[in-house]
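Engineer: One structure, pasted below without further comment.
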Amino acid sequence: MPRCNISLVRTIILLLFTITCHDLKSQIVDHWETVVMASDTWSYLPGNSEPPLNWIEPGFNDASWQTGSGGIGYGDGDDATVISPVTSVYLRIKFNLTDTSAISMALLHVDFDDGFVAYLNGNEIARANLGTPGTRPPYNEFAIYDFYEARLPSGGIPARFLIEKSIISDYIKQGENVLALQVHNCSTESSDLYSTTF
């Protein structure tokens, strides 16, 4: 049987926003700002059953969920928060933005093993190796096996997803925002699960 690791979500959610400087005739990128770090504390729920339908929404109360630093995972000794083996794990983190008018795009870095879907304020913004875009995978669905391994533990660069201004401007808001992820393993035989985001 092929090896697939559910190194949970080392969701190294480096959610970066490009801040744009405006001059008289053009816009230029001034700098990037990181709003969620890999080591931040996440609320998480091991996927032993289906979570409430509104778990990706900003108003969802996750007070009963566990909390831990990213990356979150099991099986290979490189996780800040270790969980028991599961098919999936659900993660949420809140962050604040004071001025959304200067944001021109966002960049989501996700290191994962084996598949994930990311949501911003209830809207899907990125996905890899899991299900059909626009359809939320059930807790017990396996990721698509394609030899994807988390890259940070071996010194690699995590997957990167660019979120254009036309999308990000519809989903972000001034004040509190919520980034949510579901990370899935590819098999019950998998030796690890991993996620980190930055």
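Chain labels follow the order of the structure tokens: the first chain is A, the next B, and so on; residue numbering restarts at 1 in every chain, and ligands are counted from 1 in their shown order.
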Taking the chain letters and numbering used in this document, name the residues of range 24-195 of chain A that DSSP puts in strand (DSSP E), as a PyMOL selection string.

Structural biologist: chain A and resi 27-34+41-46+66-69+72-74+81-82+88-97+103-112+115-120+123-128+159-164+175-184+193-195

Engineer: Could you write out that same residue set with C-alpha atoms as a PDB file, in the first residue's frame?

Structural biologist:
ATOM      1  CA  GLN A  27      -0.303  52.008  -7.522  1.00  0.00           C
ATOM      2  CA  ILE A  28       2.804  50.291  -6.282  1.00  0.00           C
ATOM      3  CA  VAL A  29       3.228  47.530  -3.739  1.00  0.00           C
ATOM      4  CA  ASP A  30       4.642  49.075  -0.606  1.00  0.00           C
ATOM      5  CA  HIS A  31       5.066  45.940   1.530  1.00  0.00           C
ATOM      6  CA  TRP A  32       3.570  42.634   2.701  1.00  0.00           C
ATOM      7  CA  GLU A  33       2.090  42.142   6.156  1.00  0.00           C
ATOM      8  CA  THR A  34       1.630  38.795   7.857  1.00  0.00           C
ATOM      9  CA  THR A  41      -2.667  29.449  18.567  1.00  0.00           C
ATOM     10  CA  TRP A  42      -5.506  27.781  16.675  1.00  0.00           C
ATOM     11  CA  SER A  43      -8.864  26.403  17.748  1.00  0.00           C
ATOM     12  CA  TYR A  44      -9.128  22.864  16.405  1.00  0.00           C
ATOM     13  CA  LEU A  45     -11.508  19.929  16.312  1.00  0.00           C
ATOM     14  CA  PRO A  46     -10.374  16.405  15.404  1.00  0.00           C
ATOM     15  CA  GLN A  66      -9.306  22.511  21.766  1.00  0.00           C
ATOM     16  CA  THR A  67      -6.510  25.031  21.203  1.00  0.00           C
ATOM     17  CA  GLY A  68      -2.885  24.598  20.245  1.00  0.00           C
ATOM     18  CA  SER A  69       0.023  26.131  18.383  1.00  0.00           C
ATOM     19  CA  ILE A  72      -0.876  20.582  14.233  1.00  0.00           C
ATOM     20  CA  GLY A  73      -0.537  16.924  13.386  1.00  0.00           C
ATOM     21  CA  TYR A  74       0.574  13.477  14.394  1.00  0.00           C
ATOM     22  CA  THR A  81       0.475  20.358  18.747  1.00  0.00           C
ATOM     23  CA  VAL A  82       0.115  16.594  18.566  1.00  0.00           C
ATOM     24  CA  SER A  88      -9.510  15.016   9.254  1.00  0.00           C
ATOM     25  CA  VAL A  89      -9.003  18.000  11.497  1.00  0.00           C
ATOM     26  CA  TYR A  90     -10.800  21.372  11.515  1.00  0.00           C
ATOM     27  CA  LEU A  91      -8.965  24.573  12.401  1.00  0.00           C
ATOM     28  CA  ARG A  92      -9.979  28.176  13.039  1.00  0.00           C
ATOM     29  CA  ILE A  93      -8.081  31.347  13.852  1.00  0.00           C
ATOM     30  CA  LYS A  94      -9.219  34.954  14.241  1.00  0.00           C
ATOM     31  CA  PHE A  95      -7.233  37.985  13.122  1.00  0.00           C
ATOM     32  CA  ASN A  96      -7.919  41.713  12.967  1.00  0.00           C
ATOM     33  CA  LEU A  97      -7.509  44.198  10.135  1.00  0.00           C
ATOM     34  CA  ILE A 103      -4.983  45.666   0.556  1.00  0.00           C
ATOM     35  CA  SER A 104      -4.392  44.723  -3.062  1.00  0.00           C
ATOM     36  CA  MET A 105      -4.025  40.924  -2.764  1.00  0.00           C
ATOM     37  CA  ALA A 106      -3.362  38.131  -0.295  1.00  0.00           C
ATOM     38  CA  LEU A 107      -0.979  35.215  -0.307  1.00  0.00           C
ATOM     39  CA  LEU A 108      -1.777  32.032   1.588  1.00  0.00           C
ATOM     40  CA  HIS A 109       1.089  29.665   2.350  1.00  0.00           C
ATOM     41  CA  VAL A 110      -0.074  26.235   3.485  1.00  0.00           C
ATOM     42  CA  ASP A 111       2.131  23.295   4.328  1.00  0.00           C
ATOM     43  CA  PHE A 112      -0.069  20.232   4.545  1.00  0.00           C
ATOM     44  CA  GLY A 115      -5.229  17.639   1.382  1.00  0.00           C
ATOM     45  CA  PHE A 116      -6.998  20.776   2.619  1.00  0.00           C
ATOM     46  CA  VAL A 117      -9.644  23.431   2.003  1.00  0.00           C
ATOM     47  CA  ALA A 118      -9.221  26.997   3.339  1.00  0.00           C
ATOM     48  CA  TYR A 119     -12.051  29.433   4.037  1.00  0.00           C
ATOM     49  CA  LEU A 120     -11.951  33.151   4.798  1.00  0.00           C
ATOM     50  CA  ASN A 123     -15.821  31.648   1.756  1.00  0.00           C
ATOM     51  CA  GLU A 124     -13.566  29.081   0.106  1.00  0.00           C
ATOM     52  CA  ILE A 125     -10.259  30.671  -0.928  1.00  0.00           C
ATOM     53  CA  ALA A 126      -7.925  27.709  -1.586  1.00  0.00           C
ATOM     54  CA  ARG A 127      -7.957  23.936  -1.940  1.00  0.00           C
ATOM     55  CA  ALA A 128      -5.552  21.136  -2.785  1.00  0.00           C
ATOM     56  CA  ALA A 159       2.408  25.561  -1.236  1.00  0.00           C
ATOM     57  CA  ARG A 160       1.405  29.126  -2.095  1.00  0.00           C
ATOM     58  CA  PHE A 161      -2.031  30.380  -3.137  1.00  0.00           C
ATOM     59  CA  LEU A 162      -2.494  33.895  -4.520  1.00  0.00           C
ATOM     60  CA  ILE A 163      -5.842  35.509  -3.770  1.00  0.00           C
ATOM     61  CA  GLU A 164      -6.529  38.369  -6.150  1.00  0.00           C
ATOM     62  CA  GLY A 175     -12.090  44.380  12.323  1.00  0.00           C
ATOM     63  CA  GLU A 176     -12.246  40.674  13.131  1.00  0.00           C
ATOM     64  CA  ASN A 177     -11.843  38.040  10.415  1.00  0.00           C
ATOM     65  CA  VAL A 178     -11.728  34.227  10.565  1.00  0.00           C
ATOM     66  CA  LEU A 179      -9.488  31.878   8.640  1.00  0.00           C
ATOM     67  CA  ALA A 180     -10.726  28.271   8.767  1.00  0.00           C
ATOM     68  CA  LEU A 181      -9.166  25.100   7.355  1.00  0.00           C
ATOM     69  CA  GLN A 182     -10.067  21.484   7.095  1.00  0.00           C
ATOM     70  CA  VAL A 183      -7.193  19.096   6.535  1.00  0.00           C
ATOM     71  CA  HIS A 184      -7.682  15.489   5.476  1.00  0.00           C
ATOM     72  CA  LEU A 193      -1.188  14.170   9.291  1.00  0.00           C
ATOM     73  CA  TYR A 194       0.159  17.711   9.254  1.00  0.00           C
ATOM     74  CA  SER A 195      -0.791  21.318   8.744  1.00  0.00           C
TER      75      SER A 195
END

Engineer: Can you measure CA of Pro137 in chain A to CA of Ser39 in chain A for me? One decimal in Å is fine.

Structural biologist: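 Going from CA of Pro137 in chain A over to CA of Ser39 in chain A, I get 26.1 Å.
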
Engineer: May I ask which of the residues A:Pro51, A:Gly156, A:Thr135, A:Ala102 is the closest one to Ser64 in chain A, counting only C-alpha atoms?

Structural biologist: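 Closest to Ser64 in chain A, using only C-alpha atoms: A:Pro51.
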
Engineer: Find the spatial neighbours of Glu50 in chain A, counting only C-alpha atoms, within a cut-off of 9 Å - ignore same-chain residues fewer than 4 positions away - and output them as a count of residues only.

Structural biologist: 3

Engineer: Pick from A:Thr100, A:Asn61, A:Ser49, A:Asn54: nearest to Asp170 in chain A, with only C-alpha atoms counted?

Structural biologist: A:Thr100

Engineer: So the first atom is CA of Ser101 in chain A and the second is CA of Lys173 in chain A; what is the distance between them in Å, to one decimal place?

Structural biologist: 9.6 Å

Engineer: Separation of CA of Asp99 in chain A and CA of Val35 in chain A, in Å?

Structural biologist: 12.6 Å
